[in-house]
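Here is the file upload39.cif (mmCIF, C-alpha atoms).
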data_data
loop_
_atom_site.label_atom_id
_atom_site.label_comp_id
_atom_site.auth_asym_id
_atom_site.auth_seq_id
_atom_site.Cartn_x
_atom_site.Cartn_y
_atom_site.Cartn_z
CA LYS U 1 -50.35 93.54 -14.14
CA ALA U 2 -53.44 91.94 -12.64
CA GLY U 3 -53.97 92.45 -8.94
CA VAL U 4 -54.71 89.94 -6.23
CA THR U 5 -57.94 88.11 -6.95
CA GLN U 6 -60.12 86.56 -4.28
CA THR U 7 -63.14 84.40 -4.89
CA PRO U 8 -65.91 84.34 -4.06
CA ARG U 9 -66.56 87.93 -2.97
CA TYR U 10 -69.48 87.00 -0.74
CA LEU U 11 -70.53 83.82 1.03
CA ILE U 12 -73.31 82.88 3.37
CA LYS U 13 -72.91 79.65 5.28
CA THR U 14 -74.66 77.88 8.11
CA ARG U 15 -73.07 77.04 11.44
CA GLY U 16 -71.28 73.74 11.31
CA GLN U 17 -70.57 73.86 7.59
CA GLN U 18 -67.16 74.26 6.09
CA VAL U 19 -65.95 76.79 3.53
CA THR U 20 -63.06 77.20 1.11
CA LEU U 21 -61.82 80.60 -0.04
CA SER U 22 -59.44 81.17 -2.93
CA CYS U 23 -56.71 83.69 -3.57
CA SER U 24 -54.70 84.23 -6.74
CA PRO U 25 -51.65 86.40 -6.07
CA ILE U 26 -50.02 88.86 -8.40
CA SER U 27 -48.07 87.06 -11.07
CA GLY U 28 -44.57 86.33 -9.83
CA HIS U 29 -45.42 86.74 -6.15
CA ARG U 30 -44.70 83.58 -4.21
CA SER U 31 -45.72 84.65 -0.72
CA VAL U 32 -49.42 84.71 0.19
CA SER U 33 -50.71 85.79 3.59
CA TRP U 34 -54.24 85.54 4.93
CA TYR U 35 -55.93 87.95 7.34
CA GLN U 36 -59.26 88.04 9.11
CA GLN U 37 -60.84 91.47 9.48
CA THR U 38 -63.65 92.14 11.94
CA PRO U 39 -64.89 95.42 13.42
CA GLY U 40 -63.93 94.33 16.91
CA GLN U 41 -60.55 92.71 16.31
CA GLY U 42 -59.23 94.59 13.30
CA LEU U 43 -56.85 92.81 10.92
CA GLN U 44 -55.66 89.52 12.39
CA PHE U 45 -52.93 87.43 10.76
CA LEU U 46 -53.97 83.86 9.97
CA PHE U 47 -51.04 82.28 8.11
CA GLU U 48 -48.54 82.77 5.34
CA TYR U 49 -47.46 80.43 2.57
CA PHE U 50 -44.38 80.49 0.41
CA SER U 51 -43.58 77.94 -2.27
CA GLU U 52 -46.37 75.63 -1.08
CA THR U 53 -45.11 75.64 2.52
CA GLN U 54 -46.71 77.31 5.51
CA ARG U 55 -44.01 79.50 7.00
CA ASN U 56 -45.92 81.54 9.54
CA LYS U 57 -49.06 80.93 11.54
CA GLY U 58 -51.21 83.21 13.68
CA ASN U 59 -53.20 82.37 16.76
CA PHE U 60 -56.24 80.78 15.24
CA PRO U 61 -57.76 77.36 16.05
CA GLY U 62 -57.02 74.33 13.93
CA ARG U 63 -60.37 74.77 12.16
CA PHE U 64 -58.57 77.34 10.04
CA SER U 65 -56.22 75.80 7.53
CA GLY U 66 -54.75 76.63 4.20
CA ARG U 67 -52.61 75.45 1.37
CA GLN U 68 -50.72 76.80 -1.58
CA PHE U 69 -50.38 75.30 -5.00
CA SER U 70 -47.40 75.20 -7.33
CA ASN U 71 -48.75 78.22 -9.24
CA SER U 72 -48.79 80.18 -5.94
CA ARG U 73 -52.57 80.26 -5.76
CA SER U 74 -53.73 79.71 -2.22
CA GLU U 75 -56.83 78.40 -0.56
CA MET U 76 -58.08 78.85 2.94
CA ASN U 77 -60.46 76.42 4.58
CA VAL U 78 -62.56 76.88 7.68
CA SER U 79 -64.31 73.81 9.07
CA THR U 80 -67.19 73.59 11.54
CA LEU U 81 -68.11 77.22 11.06
CA GLU U 82 -69.12 79.32 14.05
CA LEU U 83 -71.04 82.57 14.14
CA GLY U 84 -67.87 84.34 15.24
CA ASP U 85 -66.16 83.37 11.99
CA SER U 86 -68.23 85.96 10.17
CA ALA U 87 -65.67 88.40 8.84
CA LEU U 88 -63.92 89.81 5.82
CA TYR U 89 -61.08 87.50 4.84
CA LEU U 90 -58.24 89.21 3.02
CA CYS U 91 -55.28 87.73 1.31
CA ALA U 92 -52.14 89.61 0.44
CA SER U 93 -49.24 88.74 -1.81
CA THR U 94 -45.66 89.93 -1.68
CA ASP U 95 -42.70 89.53 -3.95
CA LEU U 96 -39.26 88.26 -3.10
CA MET U 97 -38.13 91.68 -1.95
CA ASN U 98 -40.96 91.87 0.61
CA THR U 99 -41.37 95.57 0.20
CA GLU U 100 -45.12 95.80 0.42
CA ALA U 101 -48.18 93.61 0.60
CA PHE U 102 -50.83 93.83 -2.11
CA PHE U 103 -54.27 93.00 -0.80
CA GLY U 104 -57.19 91.46 -2.60
CA GLN U 105 -60.72 92.80 -2.28
CA GLY U 106 -61.53 90.09 0.23
CA THR U 107 -64.23 87.52 0.73
CA ARG U 108 -67.03 88.54 3.05
CA LEU U 109 -68.17 85.45 4.93
CA THR U 110 -71.42 85.49 6.87
CA VAL U 111 -72.23 82.56 9.12
CA VAL U 112 -75.88 82.22 10.12
CA GLN L 1 -48.56 91.63 20.41
CA GLN L 2 -50.71 94.05 18.47
CA PRO L 3 -49.33 97.59 18.05
CA VAL L 4 -51.43 100.37 19.53
CA GLN L 5 -52.64 103.19 17.34
CA SER L 6 -53.80 106.59 18.46
CA PRO L 7 -56.08 108.32 18.08
CA GLN L 8 -58.79 105.80 17.26
CA ALA L 9 -60.67 108.35 15.20
CA VAL L 10 -60.18 111.91 14.04
CA ILE L 11 -62.34 114.36 12.14
CA LEU L 12 -60.74 117.19 10.23
CA ARG L 13 -61.63 119.89 7.80
CA GLU L 14 -60.00 119.84 4.40
CA GLY L 15 -56.60 121.49 4.57
CA GLU L 16 -55.88 120.62 8.20
CA ASP L 17 -53.01 118.41 9.32
CA ALA L 18 -53.19 115.06 11.08
CA VAL L 19 -50.80 112.82 12.96
CA ILE L 20 -51.44 109.13 13.58
CA ASN L 21 -49.25 107.28 16.03
CA CYS L 22 -48.33 103.62 16.25
CA SER L 23 -46.45 102.11 19.16
CA SER L 24 -45.33 98.60 19.95
CA SER L 25 -44.19 96.82 23.08
CA LYS L 26 -41.84 94.70 20.98
CA ALA L 27 -38.72 95.67 19.11
CA LEU L 28 -39.60 96.65 15.58
CA TYR L 29 -37.84 95.74 12.40
CA SER L 30 -40.24 97.41 10.03
CA VAL L 31 -43.40 99.48 10.09
CA HIS L 32 -45.88 99.44 7.24
CA TRP L 33 -48.68 101.94 6.74
CA TYR L 34 -51.88 101.16 4.83
CA ARG L 35 -55.07 103.03 4.11
CA GLN L 36 -58.39 101.29 3.66
CA LYS L 37 -61.47 102.97 2.28
CA HIS L 38 -64.87 101.58 3.09
CA GLY L 39 -65.57 98.42 1.11
CA GLU L 40 -62.12 98.38 -0.45
CA ALA L 41 -58.86 96.53 0.10
CA PRO L 42 -56.10 98.11 2.19
CA VAL L 43 -53.67 100.04 0.03
CA PHE L 44 -49.98 100.37 0.78
CA LEU L 45 -48.72 103.83 1.68
CA MET L 46 -45.15 103.34 2.81
CA ILE L 47 -42.72 101.17 4.69
CA LEU L 48 -40.08 102.21 7.18
CA LEU L 49 -37.24 99.87 7.94
CA LYS L 50 -35.08 99.68 11.02
CA GLY L 51 -32.09 101.85 10.44
CA GLY L 52 -33.84 103.49 7.51
CA GLU L 53 -34.74 107.07 6.98
CA GLN L 54 -38.01 108.91 7.11
CA LYS L 55 -40.05 108.42 3.99
CA GLY L 56 -42.92 110.15 2.39
CA HIS L 57 -44.64 111.71 -0.52
CA GLU L 58 -45.49 115.38 -0.81
CA LYS L 59 -48.07 115.57 1.89
CA ILE L 60 -47.93 112.14 3.52
CA SER L 61 -44.81 111.23 5.43
CA ALA L 62 -43.84 109.01 8.30
CA SER L 63 -41.16 108.60 10.91
CA PHE L 64 -39.84 105.59 12.77
CA ASN L 65 -38.25 105.86 16.20
CA GLU L 66 -36.58 102.52 16.84
CA LYS L 67 -35.64 103.28 20.43
CA LYS L 68 -39.17 104.23 21.39
CA GLN L 69 -40.61 101.52 19.13
CA GLN L 70 -42.94 104.06 17.64
CA SER L 71 -43.93 105.31 14.24
CA SER L 72 -45.98 108.32 13.27
CA LEU L 73 -47.81 109.09 10.04
CA TYR L 74 -48.12 112.75 9.08
CA LEU L 75 -50.79 113.99 6.70
CA THR L 76 -50.30 117.60 5.70
CA ALA L 77 -53.00 119.84 4.23
CA SER L 78 -55.41 116.92 4.13
CA GLN L 79 -57.61 116.32 1.11
CA LEU L 80 -61.03 114.70 0.95
CA SER L 81 -59.42 111.66 -0.65
CA TYR L 82 -57.42 111.04 2.53
CA SER L 83 -60.52 109.83 4.33
CA GLY L 84 -60.37 106.20 5.36
CA THR L 85 -59.00 103.93 8.05
CA TYR L 86 -55.25 103.92 8.50
CA PHE L 87 -53.47 100.84 9.75
CA CYS L 88 -49.92 100.43 10.88
CA GLY L 89 -48.46 96.97 10.53
CA THR L 90 -45.34 95.83 12.29
CA GLY L 91 -43.20 92.94 11.19
CA ILE L 92 -40.00 91.11 11.78
CA GLN L 93 -40.21 89.35 8.46
CA GLY L 94 -41.15 92.16 6.17
CA ALA L 95 -44.64 92.02 4.73
CA GLN L 96 -44.97 88.24 5.07
CA LYS L 97 -46.41 88.35 8.55
CA LEU L 98 -47.72 91.73 9.58
CA VAL L 99 -49.31 92.44 12.93
CA PHE L 100 -51.71 95.32 12.48
CA GLY L 101 -52.96 97.94 14.88
CA GLN L 102 -56.66 98.49 15.42
CA GLY L 103 -56.76 101.26 12.88
CA THR L 104 -57.42 105.00 12.98
CA ARG L 105 -60.50 106.27 11.22
CA LEU L 106 -59.84 109.57 9.51
CA THR L 107 -62.73 111.67 8.25
CA ILE L 108 -62.04 114.75 6.16
CA ASN L 109 -64.93 117.17 5.76
CA PRO L 110 -65.14 119.95 3.17
#

Take the structure in this file and express it as structure tokens.
Amino acid sequence: KAGVTQTPRYLIKTRGQQVTLSCSPISGHRSVSWYQQTPGQGLQFLFEYFSETQRNKGNFPGRFSGRQFSNSRSEMNVSTLELGDSALYLCASTDLMNTEAFFGQGTRLTVV
Amino acid sequence: QQPVQSPQAVILREGEDAVINCSSSKALYSVHWYRQKHGEAPVFLMILLKGGEQKGHEKISASFNEKKQQSSLYLTASQLSYSGTYFCGTGIQGAQKLVFGQGTRLTINP
């Protein structure tokens, strides 16, 4: 069974630009969650999607948005990038039983 | 509210035991433990559910005290492969929305 796939693995963007990250969950998993990981703040929950609907949202500004497609693949978008958005962005997928979250390798975003 | 982990870091020699604690100011439904090695994705270790029992493998086990809103991870006779950062995640909706602690960095030396 293929794991969670995130693309791209690395990104360098300039302040003010926008970026889209992609996450393909494990086949059959319908819930996808996104997390931001930084040395100072640890793993912070961004949002969670299930069947194309956002069910949960963390405390991030509206510049952070996401969506999920009918095949459960999810994208995360960050607009008007700030230096502080530099982080490792992880997505995790869970199955219907919600027993554990499987994480992808992450996308390392650097904003310069 | 983010759970609090302690200690923040610990250095051990191979074969020694370690305990990592996780406490929350909110009532807990479930506690999830993950280990992340440098440059890798977090990997699931175990989940403890409210009303559930202590779980574990041979040398890695955990407990969940609902009344104290605390969980502890026990690593017995640590191996070099145990090195990494351990995170506890607390949730009221299973693994769909986990609130993670700051992490505990565990270093095992030969």

- Message: Taking 4 positions as the minimum chain separation for residues in the same chain, which residues sit within 12 Å of Thr99 of chain U when counting all atoms listed in the file? Answer as a list in words.
- Response: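 Listed by chain and then number, they are His29, Ser31, Ser93, Thr94 and Asp95 of chain U; Ser30, Val31, His32, Trp33, Phe44, Leu45, Met46, Ile47, Leu48, Leu49, Gly91, Gln93, Gly94, Ala95, Gln96 and Leu98 of chain L.
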
- Message: For this structure, which residues satisfy the selection - the PyMOL selection byres ((chain U) within 8 of (chain L)) - when it is evaluated on the file as given? I want them as a PyMOL selection string.
- Response: chain U and resi 31-33+41-45+47-48+56+90+94+98-106

- What do you get, as a list in words, if you spell out every residue that the PyMOL selection byres ((chain U and resi 78) around 8) selects here?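 For this structure, the PyMOL selection byres ((chain U and resi 78) around 8) captures Gln18, Val19, Thr20, Arg63, Phe64, Ser65, Met76, Asn77, Ser79, Thr80 and Leu81 of chain U.
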
- Message: Can you pull out the residues contacting Tyr82 of chain L? Cut-off 12 Å, using only C-alpha atoms, and skip same-chain residues under 4 positions away; I want them as a VMD selection string.
- Response: chain L and resid 10 to 18 34 to 37 43 45 59 to 60 74 to 78 86 105 to 110

Please provide as a PDB file with C-alpha atoms, in the coordinates of the input all residues within 7 Å of Ile26 of chain U, with the sequence filter that same-chain residues fewer than 5 positions apart are discarded (counting only C-alpha atoms).
ATOM      1  CA  ALA U   2     -53.440  91.940 -12.640  1.00  0.00           C
ATOM      2  CA  GLY U   3     -53.970  92.450  -8.940  1.00  0.00           C
ATOM      3  CA  VAL U   4     -54.710  89.940  -6.230  1.00  0.00           C
ATOM      4  CA  SER U  93     -49.240  88.740  -1.810  1.00  0.00           C
TER       5      SER U  93
END

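When atom CA of Ser63 of chain L is paired with atom CA of Ser6 of chain L, their separation reads 14.9 Å.
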
- Message: I'd like to see the residues matched by the PyMOL selection byres ((chain U and resi 68) around 10) on this file, and ideally I'd get them as a count of residues only.
- Response: 23

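Between atom CA of Ala9 of chain L and atom CA of Lys26 of chain L there is a distance of 24.0 Å.
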
- Message: Please determine, counting all atoms listed in the file, which residue among U:Leu83, U:Thr107, U:Asn59, U:Gln37 has the shortest atom-to-atom distance to Tyr10 of chain U.
- Response: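 Using all atoms listed in the file, the shortest distance to Tyr10 of chain U belongs to U:Thr107.
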
- Task: Provide the atom CA of Tyr29 of chain L to atom CA of Val4 of chain L distance in Å, to one decimal place.
- Result: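 Between atom CA of Tyr29 of chain L and atom CA of Val4 of chain L the gap works out to 16.0 Å.
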
- For Thr5 of chain U, which residue among U:Trp34, U:Phe60, U:Ala92, U:Asp85 is the nearest when counting all atoms listed in the file?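 Checking each of U:Trp34, U:Phe60, U:Ala92, U:Asp85 against Thr5 of chain U, counting all atoms listed in the file, the winner is U:Ala92.
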
Output chain U from the block with C-alpha atoms, as a compact mmCIF listing (two decimals), in the first residue's frame?
# COMPACT_ATOMS: atom_id res chain seq x y z
CA LYS U 1 0.00 0.00 0.00
CA ALA U 2 1.49 3.33 -1.01
CA GLY U 3 2.00 5.85 1.75
CA VAL U 4 0.99 9.48 1.93
CA THR U 5 2.61 11.46 -0.86
CA GLN U 6 3.33 15.16 -0.67
CA THR U 7 4.58 17.30 -3.49
CA PRO U 8 6.75 19.16 -3.94
CA ARG U 9 9.29 18.20 -1.27
CA TYR U 10 11.00 21.58 -1.30
CA LEU U 11 9.91 25.07 -2.30
CA ILE U 12 11.49 28.48 -2.21
CA LYS U 13 9.18 31.43 -2.61
CA THR U 14 9.42 35.18 -2.28
CA ARG U 15 7.44 37.26 0.19
CA GLY U 16 4.08 38.21 -1.21
CA GLN U 17 3.80 35.24 -3.54
CA GLN U 18 1.35 32.44 -3.12
CA VAL U 19 1.97 28.70 -3.02
CA THR U 20 0.00 25.48 -3.45
CA LEU U 21 1.02 22.23 -1.79
CA SER U 22 -0.41 18.83 -2.66
CA CYS U 23 -1.14 15.74 -0.62
CA SER U 24 -2.28 12.32 -1.83
CA PRO U 25 -3.55 10.20 1.06
CA ILE U 26 -3.32 6.47 1.45
CA SER U 27 -5.78 4.75 -0.82
CA GLY U 28 -9.14 4.45 0.92
CA HIS U 29 -8.43 7.16 3.48
CA ARG U 30 -10.95 9.96 3.27
CA SER U 31 -9.72 12.25 6.02
CA VAL U 32 -6.73 14.51 5.35
CA SER U 33 -5.27 16.85 7.96
CA TRP U 34 -2.61 19.50 7.48
CA TYR U 35 0.01 20.59 10.01
CA GLN U 36 2.66 23.26 10.11
CA GLN U 37 5.90 22.30 11.84
CA THR U 38 8.43 24.89 12.97
CA PRO U 39 11.24 24.65 15.53
CA GLY U 40 9.62 27.25 17.73
CA GLN U 41 5.96 26.22 17.58
CA GLY U 42 6.16 22.48 17.02
CA LEU U 43 3.33 20.76 15.13
CA GLN U 44 0.38 23.10 14.66
CA PHE U 45 -2.95 21.91 13.25
CA LEU U 46 -4.11 23.82 10.19
CA PHE U 47 -7.30 22.11 8.99
CA GLU U 48 -8.88 18.78 8.21
CA TYR U 49 -10.94 17.68 5.23
CA PHE U 50 -13.28 14.76 4.85
CA SER U 51 -15.24 13.97 1.71
CA GLU U 52 -14.37 17.34 0.17
CA THR U 53 -15.61 19.28 3.21
CA GLN U 54 -13.53 21.15 5.76
CA ARG U 55 -14.56 19.73 9.11
CA ASN U 56 -11.98 21.21 11.45
CA LYS U 57 -9.89 24.35 11.37
CA GLY U 58 -6.96 25.53 13.46
CA ASN U 59 -6.02 29.04 14.45
CA PHE U 60 -4.36 30.24 11.29
CA PRO U 61 -5.14 33.40 9.29
CA GLY U 62 -7.36 33.30 6.24
CA ARG U 63 -4.27 33.33 4.01
CA PHE U 64 -4.12 29.60 4.68
CA SER U 65 -6.77 27.66 2.82
CA GLY U 66 -7.29 24.22 1.47
CA ARG U 67 -9.54 21.96 -0.47
CA GLN U 68 -10.12 18.30 -1.09
CA PHE U 69 -11.05 16.61 -4.31
CA SER U 70 -13.39 13.70 -4.94
CA ASN U 71 -10.44 11.29 -5.01
CA SER U 72 -9.47 12.50 -1.49
CA ARG U 73 -6.36 14.28 -2.71
CA SER U 74 -5.96 17.57 -0.92
CA GLU U 75 -4.28 20.85 -1.65
CA MET U 76 -3.22 23.60 0.67
CA ASN U 77 -2.78 27.17 -0.47
CA VAL U 78 -0.99 30.01 1.25
CA SER U 79 -1.42 33.48 -0.22
CA THR U 80 0.64 36.62 0.36
CA LEU U 81 3.52 34.66 1.84
CA GLU U 82 5.37 36.01 4.86
CA LEU U 83 8.79 35.12 6.15
CA GLY U 84 7.17 33.47 9.15
CA ASP U 85 5.42 30.98 6.88
CA SER U 86 8.71 29.19 6.36
CA ALA U 87 8.11 25.75 7.79
CA LEU U 88 7.68 22.07 7.11
CA TYR U 89 4.09 21.41 6.07
CA LEU U 90 2.88 17.92 6.83
CA CYS U 91 -0.28 16.22 5.81
CA ALA U 92 -1.71 13.15 7.45
CA SER U 93 -4.43 10.77 6.38
CA THR U 94 -6.67 8.58 8.50
CA ASP U 95 -9.17 5.90 7.71
CA LEU U 96 -12.76 5.66 8.83
CA MET U 97 -11.78 4.04 12.10
CA ASN U 98 -9.53 6.98 13.01
CA THR U 99 -7.04 4.80 14.76
CA GLU U 100 -3.85 6.51 13.68
CA ALA U 101 -2.64 9.24 11.39
CA PHE U 102 -0.18 8.42 8.61
CA PHE U 103 2.06 11.34 7.79
CA GLY U 104 3.66 12.27 4.52
CA GLN U 105 7.29 13.33 4.25
CA GLY U 106 6.24 16.95 4.14
CA THR U 107 6.93 19.96 1.99
CA ARG U 108 9.66 22.25 3.23
CA LEU U 109 8.69 25.81 2.32
CA THR U 110 11.24 28.60 2.55
CA VAL U 111 10.07 32.17 2.11
CA VAL U 112 12.79 34.69 1.29
